[in-house]
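See structure below.
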Amino acid sequence: MRDTATFRVKSGLAEMLKGGVIMDVVTAEQARVAESAGAVAVMALERVPADIRSAGGVARMSNPSMVEEIQSAVTIPVMAKARIGHIVEAQVLEALEIDYIDESEVLTPADEAHHIDKWRFKVPFVCGATNLGEALRRIGEGAAMVRTKGEAGTGNVVEAVRHMRAIRGELRRLAALDEAELATAAKTLAAPLDLVRAVAETGKLPVVNFSAGGIATPADAALMMTLGAEGVFVGSGIFKSEDPDRTAAAIVEATTHYEDPARVLGASRGLGAAMSGIEISTLEESGLIQHRGW
Amino acid sequence: MLVGVLALQGDFEAHARVLGELGAEVREVRTPAGLQGLDGLVMPGGESTTMTLAIEREGLAQPLRALVAAGTPTLGTCAGMIMLDSDHLGLLDVRTRRNAFGRQVSSFETDLALGALANGGGPLRAIFIRAPWVEAHGAGVEVLAEVDGHPVAVREGNVLAVAFHPELSGDRRLHAWLIGRIRQSEGDRS
């Protein structure tokens with residue numbers, strides 16, 4: 001008797017990605033560069049977030065042919081993004097046998113009130129979150145992995161830090177509450193009470209939590225690991241840098257050795273220019289991607 | 001008793017937790033220096049390509065070979081099994097096929113009977129995630145379990161390798177085997 005798509009099987013793949021770097025790629029060639037640099041998975045998308053940001057317009061699921069080219073170019077897991085609430089884009093990605101679906105705020109949301117019911121899918125989902133309540137709502141909907149949102153396409157790590165600190169801090173606060181207070185906390189967090197109870201007990205999320213949105217250097221990656229990330233997504237930070245091959249390998253090395261400053265130093269040497277970044281306060285409120293999703 | 005868990009990438013924390021629950025002292029290993037003084041070794045699950053590159057970057061291949069070839073009890077799971085095979089570290093006389101069951105949609109869990117390793121208990125719940133299988137093996141390799149006619153658990157001397165993830169299932173029997181082997185080796189030496 002073989003059971004597929006159990007929650008352990010779905011969340012188990014995220015366990016295998018821990019301590020690793022997931023890289024955004026837009027071509028098969030970039031996917032090969034990412035794999036050779038030691039990426040644990042690639043995220044296949046049509047444009048990296050920095051280009052989505054500058055191009056404007058509606059950002060949708062990637063062209064399936066491009067996803068297939070990337071799937072045949074590498075042997076590491078291939079992830080792809082569906083729009084928030086776009087059930088059919090997710091079904092198409094499942095039919096492509098993508099390894100993980102990112103229901104992502106980086107694309108233009110398709111539904112402003114509902115996320116996808118992820119329990120109905122065999123393929124596991126990763127979702128973004130800016131705080132604990134949002135993370136637990138996504139897990140309640142069936143997400144098997146979480147990533148903090150940060151602010152994609154900016155090369156500015158400040159929002160990634162804010163979101164990781166928010167989740168870790170809220171987890172620590174829950175640990176001190178009694179049963180009655182947990183019920184109130186669930187209401188305040190707008191999160192399922194059973195999940196609130198569970199994380200108050202264990203002090204950690206029931207699924208793997210990566211960091212995303214603004215990581216551009218080896219030191220940024222090591223910072224997020226230091227703050228409690230279990231791995232990192234790097235979007236524009238690699239292929240918008242001066243030397244993508246070396247930057248990719250350096251971020252992988254710094255993620256493994258984040259506790260050893262000498263190794264992070266070694267990884268940071270001689271990389272050329274990182275992607276140019278954007279100061280968050282120069283963005284209009286409507287230009288912030290992190291507020292998509294709820 | 002000090003057990004090293006290769007911690008370059010993957011689910012090394014899950015292994016460390018199980019080993020700790022069984023009373024072993026655990027060290028996360030990221031460099032050759034971390035291999036000094038180990039009584040046992042775990043090669044965890046993770047991405048085999050990433051792990052292969054990291055072993056090369058850290059110069060870990062030779063010291064790992066020396067440690068395991070000296071008879072140090074070793075457990076490899078999933079990517080760990082691939083690292084031990086003849087195309088990688090060459091510490092187990094098997095050839096593995098990566099992602100043999102297919103992409104993530106084909107990942108599964110099932111009950112496996114593990115013969116003597118089950119220690120008289122029932123079958124073990126085995127979680128296979130983009131798992132490999134053993135494509136070919138030498139005469140000295142004992143096959144402990146198969147799925148679809150392909151070996152997924154093998155043992156050669158003090159090296160046990162499985163294509164699935166006992167560290168995620170809550171079943172500690174394979175880690176207990178490792179610790180039993182370490183005790184036995186210590187007994188043999190004293």
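Chain identifiers are assigned as A, B, and so on, following the order in which chains appear in the structure tokens; residues are numbered from 1 within each chain, and ligands are numbered from 1 in order of appearance.
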Exercise for review: Return as a PyMOL selection string the full set of residues in chain B whose backbone-based DSSP assignment is strand (DSSP E or B).
Suggested key: chain B and resi 2-6+25-29+40-43+74-77+94-97+108-112+124-128+133-137+142-147+150-156+159-162
Serialized selection, N, CA and C atoms, as a compact mmCIF listing (two decimals), in the first residue's frame:
# COMPACT_ATOMS: atom_id res chain seq x y z
N LEU B 2 30.30 9.59 20.37
CA LEU B 2 30.13 10.80 19.58
C LEU B 2 29.78 10.44 18.13
N VAL B 3 28.60 10.86 17.69
CA VAL B 3 28.17 10.58 16.33
C VAL B 3 28.17 11.88 15.53
N GLY B 4 28.81 11.85 14.38
CA GLY B 4 28.83 13.02 13.51
C GLY B 4 27.70 12.96 12.49
N VAL B 5 27.05 14.08 12.25
CA VAL B 5 26.04 14.16 11.20
C VAL B 5 26.54 15.17 10.18
N LEU B 6 26.72 14.72 8.95
CA LEU B 6 27.17 15.63 7.90
C LEU B 6 26.13 16.74 7.74
N GLU B 25 25.91 11.59 21.87
CA GLU B 25 26.36 12.97 21.72
C GLU B 25 26.49 13.21 20.22
N VAL B 26 26.03 14.36 19.74
CA VAL B 26 25.99 14.58 18.29
C VAL B 26 26.81 15.81 17.91
N ARG B 27 27.54 15.68 16.82
CA ARG B 27 28.28 16.84 16.30
C ARG B 27 27.89 17.06 14.83
N GLU B 28 27.54 18.30 14.51
CA GLU B 28 27.29 18.65 13.11
C GLU B 28 28.64 18.84 12.42
N VAL B 29 28.81 18.16 11.29
CA VAL B 29 30.11 18.17 10.60
C VAL B 29 30.01 18.97 9.31
N GLY B 40 30.78 7.30 15.12
CA GLY B 40 29.78 6.90 14.13
C GLY B 40 29.47 8.09 13.25
N LEU B 41 28.82 7.80 12.09
CA LEU B 41 28.59 8.86 11.11
C LEU B 41 27.21 8.70 10.49
N VAL B 42 26.53 9.83 10.26
CA VAL B 42 25.28 9.82 9.50
C VAL B 42 25.43 10.73 8.30
N MET B 43 25.06 10.20 7.14
CA MET B 43 24.99 11.00 5.91
C MET B 43 23.49 11.23 5.68
N THR B 74 28.20 3.54 9.98
CA THR B 74 27.69 4.66 9.18
C THR B 74 26.27 4.37 8.71
N LEU B 75 25.43 5.39 8.78
CA LEU B 75 24.06 5.31 8.26
C LEU B 75 23.89 6.40 7.22
N GLY B 76 23.45 6.00 6.02
CA GLY B 76 23.17 6.99 4.97
C GLY B 76 21.70 6.90 4.59
N THR B 77 21.04 8.05 4.47
CA THR B 77 19.63 8.04 4.06
C THR B 77 19.43 8.90 2.81
N VAL B 94 27.59 -0.30 -4.45
CA VAL B 94 26.31 -0.21 -5.16
C VAL B 94 26.37 0.96 -6.15
N ARG B 95 25.52 0.85 -7.16
CA ARG B 95 25.26 2.00 -8.01
C ARG B 95 23.82 2.41 -7.77
N THR B 96 23.59 3.70 -7.56
CA THR B 96 22.23 4.15 -7.28
C THR B 96 21.69 4.90 -8.49
N ARG B 97 20.37 4.95 -8.55
CA ARG B 97 19.73 5.77 -9.59
C ARG B 97 19.00 6.89 -8.87
N PHE B 108 6.24 9.09 -1.82
CA PHE B 108 5.22 8.29 -1.12
C PHE B 108 5.73 7.78 0.22
N GLU B 109 4.81 7.25 1.01
CA GLU B 109 5.22 6.48 2.17
C GLU B 109 4.57 5.10 2.13
N THR B 110 5.24 4.14 2.73
CA THR B 110 4.74 2.76 2.70
C THR B 110 5.36 1.98 3.86
N ASP B 111 4.77 0.81 4.15
CA ASP B 111 5.33 -0.06 5.19
C ASP B 111 6.38 -0.98 4.58
N LEU B 112 7.52 -1.09 5.24
CA LEU B 112 8.60 -1.96 4.77
C LEU B 112 8.99 -2.93 5.87
N LEU B 124 8.40 -1.12 9.15
CA LEU B 124 8.82 0.25 9.41
C LEU B 124 8.12 1.16 8.40
N ARG B 125 7.61 2.30 8.86
CA ARG B 125 6.97 3.24 7.95
C ARG B 125 8.08 4.01 7.22
N ALA B 126 8.16 3.81 5.92
CA ALA B 126 9.27 4.41 5.17
C ALA B 126 8.76 5.54 4.29
N ILE B 127 9.38 6.72 4.43
CA ILE B 127 9.00 7.90 3.66
C ILE B 127 10.01 8.10 2.53
N PHE B 128 9.53 8.00 1.29
CA PHE B 128 10.39 8.14 0.11
C PHE B 128 10.13 9.50 -0.53
N TRP B 133 16.93 4.50 -5.92
CA TRP B 133 16.98 3.10 -5.57
C TRP B 133 18.33 2.55 -5.96
N VAL B 134 18.61 1.32 -5.58
CA VAL B 134 19.88 0.69 -5.93
C VAL B 134 19.70 -0.01 -7.26
N GLU B 135 20.50 0.40 -8.22
CA GLU B 135 20.40 -0.13 -9.58
C GLU B 135 21.20 -1.43 -9.71
N ALA B 136 22.35 -1.49 -9.06
CA ALA B 136 23.20 -2.69 -9.13
C ALA B 136 24.04 -2.72 -7.87
N HIS B 137 24.39 -3.94 -7.45
CA HIS B 137 25.21 -4.04 -6.24
C HIS B 137 26.13 -5.25 -6.30
N GLU B 142 24.28 -6.85 1.30
CA GLU B 142 23.06 -7.52 1.71
C GLU B 142 21.86 -6.60 1.43
N VAL B 143 20.88 -7.12 0.69
CA VAL B 143 19.68 -6.34 0.41
C VAL B 143 18.66 -6.61 1.51
N LEU B 144 18.23 -5.55 2.19
CA LEU B 144 17.32 -5.71 3.33
C LEU B 144 15.87 -5.47 2.97
N ALA B 145 15.63 -4.67 1.94
CA ALA B 145 14.25 -4.40 1.54
C ALA B 145 14.24 -3.91 0.10
N GLU B 146 13.12 -4.20 -0.57
CA GLU B 146 12.95 -3.77 -1.96
C GLU B 146 11.60 -3.11 -2.14
N VAL B 147 11.52 -2.21 -3.12
CA VAL B 147 10.24 -1.66 -3.58
C VAL B 147 10.23 -1.81 -5.10
N HIS B 150 13.29 -3.23 -6.65
CA HIS B 150 14.57 -2.53 -6.56
C HIS B 150 14.98 -2.39 -5.10
N PRO B 151 16.24 -2.70 -4.79
CA PRO B 151 16.69 -2.56 -3.40
C PRO B 151 16.60 -1.10 -2.93
N VAL B 152 16.05 -0.93 -1.72
CA VAL B 152 15.96 0.41 -1.13
C VAL B 152 16.57 0.46 0.26
N ALA B 153 17.08 -0.69 0.72
CA ALA B 153 17.81 -0.72 1.99
C ALA B 153 18.89 -1.77 1.85
N VAL B 154 20.14 -1.36 2.04
CA VAL B 154 21.27 -2.28 1.84
C VAL B 154 22.28 -2.10 2.96
N ARG B 155 23.02 -3.19 3.21
CA ARG B 155 24.05 -3.13 4.25
C ARG B 155 25.30 -3.83 3.74
N GLU B 156 26.44 -3.24 4.02
CA GLU B 156 27.72 -3.87 3.70
C GLU B 156 28.64 -3.57 4.88
N VAL B 159 28.23 -0.39 7.18
CA VAL B 159 27.53 0.70 6.48
C VAL B 159 26.11 0.27 6.12
N LEU B 160 25.14 1.04 6.62
CA LEU B 160 23.73 0.80 6.30
C LEU B 160 23.23 1.99 5.49
N ALA B 161 22.63 1.71 4.34
CA ALA B 161 22.13 2.80 3.51
C ALA B 161 20.70 2.51 3.09
N VAL B 162 19.85 3.52 3.21
CA VAL B 162 18.44 3.36 2.83
C VAL B 162 18.02 4.52 1.94
Exercise for review: Using only C-alpha atoms, find the residues of chain B whose closest atom to chain A is at most 6 Å away, then write them as a list in words.
Suggested key: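 Filtering chain B at 6 Å from chain A with only C-alpha atoms gives Leu8, Gln9, Gly10, Asp11, Gly45, Gly46, Glu47, Thr50, Gln104, Val105, Ser107, Phe108, Glu109 and Thr110 of chain B.
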What's around A:Ala219 at 9 Å? Count only C-alpha atoms, leave out sequence neighbours fewer than 2 positions away in its own chain, and write the answer as a PDB file with N, CA, C and O atoms, in the first residue's frame.
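For reference, selection-v5.pdb as written:
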ATOM      1  N   ILE A 215      17.436  39.340  -0.457  1.00  0.00           N
ATOM      2  CA  ILE A 215      18.767  38.799  -0.158  1.00  0.00           C
ATOM      3  C   ILE A 215      19.654  38.949  -1.394  1.00  0.00           C
ATOM      4  O   ILE A 215      19.333  38.431  -2.462  1.00  0.00           O
ATOM      5  N   ALA A 216      20.780  39.681  -1.246  1.00  0.00           N
ATOM      6  CA  ALA A 216      21.605  39.988  -2.419  1.00  0.00           C
ATOM      7  C   ALA A 216      23.073  39.608  -2.243  1.00  0.00           C
ATOM      8  O   ALA A 216      23.820  39.602  -3.212  1.00  0.00           O
ATOM      9  N   THR A 217      23.505  39.304  -1.022  1.00  0.00           N
ATOM     10  CA  THR A 217      24.927  39.027  -0.799  1.00  0.00           C
ATOM     11  C   THR A 217      25.066  37.793   0.105  1.00  0.00           C
ATOM     12  O   THR A 217      24.106  37.400   0.779  1.00  0.00           O
ATOM     13  N   ALA A 221      22.498  36.415   3.238  1.00  0.00           N
ATOM     14  CA  ALA A 221      22.019  35.039   3.438  1.00  0.00           C
ATOM     15  C   ALA A 221      22.391  34.557   4.836  1.00  0.00           C
ATOM     16  O   ALA A 221      21.568  33.980   5.553  1.00  0.00           O
ATOM     17  N   ALA A 222      23.630  34.807   5.241  1.00  0.00           N
ATOM     18  CA  ALA A 222      24.081  34.377   6.563  1.00  0.00           C
ATOM     19  C   ALA A 222      23.307  35.101   7.664  1.00  0.00           C
ATOM     20  O   ALA A 222      23.001  34.526   8.714  1.00  0.00           O
ATOM     21  N   LEU A 223      22.966  36.368   7.414  1.00  0.00           N
ATOM     22  CA  LEU A 223      22.160  37.121   8.393  1.00  0.00           C
ATOM     23  C   LEU A 223      20.806  36.446   8.601  1.00  0.00           C
ATOM     24  O   LEU A 223      20.367  36.239   9.741  1.00  0.00           O
ATOM     25  N   MET A 224      20.153  36.075   7.510  1.00  0.00           N
ATOM     26  CA  MET A 224      18.828  35.477   7.645  1.00  0.00           C
ATOM     27  C   MET A 224      18.904  34.118   8.345  1.00  0.00           C
ATOM     28  O   MET A 224      18.025  33.765   9.124  1.00  0.00           O
ATOM     29  N   ILE A 251      26.890  32.518  -2.133  1.00  0.00           N
ATOM     30  CA  ILE A 251      25.711  32.562  -1.259  1.00  0.00           C
ATOM     31  C   ILE A 251      25.429  31.164  -0.702  1.00  0.00           C
ATOM     32  O   ILE A 251      25.066  31.006   0.467  1.00  0.00           O
ATOM     33  N   ALA A 254      28.030  30.617   2.098  1.00  0.00           N
ATOM     34  CA  ALA A 254      27.741  31.423   3.291  1.00  0.00           C
ATOM     35  C   ALA A 254      26.515  30.902   4.037  1.00  0.00           C
ATOM     36  O   ALA A 254      26.419  31.040   5.261  1.00  0.00           O
ATOM     37  N   THR A 255      25.587  30.306   3.314  1.00  0.00           N
ATOM     38  CA  THR A 255      24.384  29.759   3.955  1.00  0.00           C
ATOM     39  C   THR A 255      24.747  28.534   4.801  1.00  0.00           C
ATOM     40  O   THR A 255      24.245  28.362   5.915  1.00  0.00           O
ATOM     41  N   TYR A 258      27.071  29.887   7.955  1.00  0.00           N
ATOM     42  CA  TYR A 258      26.639  31.195   8.482  1.00  0.00           C
ATOM     43  C   TYR A 258      27.150  31.468   9.886  1.00  0.00           C
ATOM     44  O   TYR A 258      27.267  32.613  10.296  1.00  0.00           O
ATOM     45  N   VAL A 264      32.201  33.266   5.874  1.00  0.00           N
ATOM     46  CA  VAL A 264      31.347  34.241   5.183  1.00  0.00           C
ATOM     47  C   VAL A 264      32.239  35.310   4.527  1.00  0.00           C
ATOM     48  O   VAL A 264      32.001  35.725   3.389  1.00  0.00           O
ATOM     49  N   LEU A 265      33.304  35.692   5.226  1.00  0.00           N
ATOM     50  CA  LEU A 265      34.286  36.619   4.656  1.00  0.00           C
ATOM     51  C   LEU A 265      34.887  36.027   3.390  1.00  0.00           C
ATOM     52  O   LEU A 265      34.919  36.676   2.336  1.00  0.00           O
ATOM     53  N   ALA A 267      33.755  33.801   1.429  1.00  0.00           N
ATOM     54  CA  ALA A 267      32.755  33.708   0.357  1.00  0.00           C
ATOM     55  C   ALA A 267      32.453  35.079  -0.242  1.00  0.00           C
ATOM     56  O   ALA A 267      32.048  35.189  -1.402  1.00  0.00           O
ATOM     57  N   SER A 268      32.687  36.137   0.546  1.00  0.00           N
ATOM     58  CA  SER A 268      32.313  37.489   0.093  1.00  0.00           C
ATOM     59  C   SER A 268      33.385  38.154  -0.764  1.00  0.00           C
ATOM     60  O   SER A 268      33.121  39.166  -1.408  1.00  0.00           O
TER      61      SER A 268
END
Please provide the set of residues having any atom within 8 Å of stretch 291-294 of chain A, restricted to only C-alpha atoms, with same-chain residues fewer than 2 positions apart removed, written as a compact mmCIF listing (two decimals) with N, CA, C and O atoms, in the first residue's frame.
# COMPACT_ATOMS: atom_id res chain seq x y z
N ILE A 84 -1.66 34.24 -6.47
CA ILE A 84 -2.48 34.01 -5.28
C ILE A 84 -3.93 33.79 -5.70
O ILE A 84 -4.49 34.59 -6.46
N GLU A 105 3.03 36.23 -3.94
CA GLU A 105 2.68 37.65 -4.02
C GLU A 105 3.52 38.38 -5.06
O GLU A 105 3.19 39.52 -5.43
N PRO A 109 -2.00 39.17 -7.85
CA PRO A 109 -3.02 38.27 -7.29
C PRO A 109 -4.21 38.10 -8.23
O PRO A 109 -4.62 39.04 -8.92
N GLU A 112 -8.67 38.45 -4.54
CA GLU A 112 -8.31 39.37 -3.46
C GLU A 112 -8.90 38.96 -2.12
O GLU A 112 -8.74 39.66 -1.14
N ALA A 113 -9.61 37.83 -2.08
CA ALA A 113 -10.19 37.40 -0.80
C ALA A 113 -9.77 35.99 -0.39
O ALA A 113 -9.84 35.66 0.79
N HIS A 115 -7.07 32.56 -0.72
CA HIS A 115 -5.91 31.84 -1.22
C HIS A 115 -6.39 30.47 -1.74
O HIS A 115 -7.53 30.08 -1.50
N GLU A 134 -0.22 35.18 9.50
CA GLU A 134 -0.28 34.90 8.06
C GLU A 134 0.33 33.53 7.76
O GLU A 134 -0.21 32.75 6.97
N LEU A 288 4.55 48.20 -2.89
CA LEU A 288 5.06 47.14 -2.02
C LEU A 288 4.36 45.83 -2.33
O LEU A 288 3.14 45.73 -2.27
N ILE A 289 5.19 44.83 -2.66
CA ILE A 289 4.66 43.52 -3.03
C ILE A 289 4.18 42.75 -1.79
O ILE A 289 3.25 41.97 -1.85
Check your understanding: So how many Å separate atom CA of B:Ile182 and atom CA of B:Glu56, to one decimal?
Key -> 27.3 Å
Point to revise | Backbone-only DSSP, helix (DSSP H, G or I) members of chain B, as a count of residues only | key: 68
Point to revise | d(atom CA of B:Val18, atom CA of A:Arg197) in Å | key: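 Computing the Euclidean distance for atom CA of B:Val18 and atom CA of A:Arg197 yields 23.8 Å.
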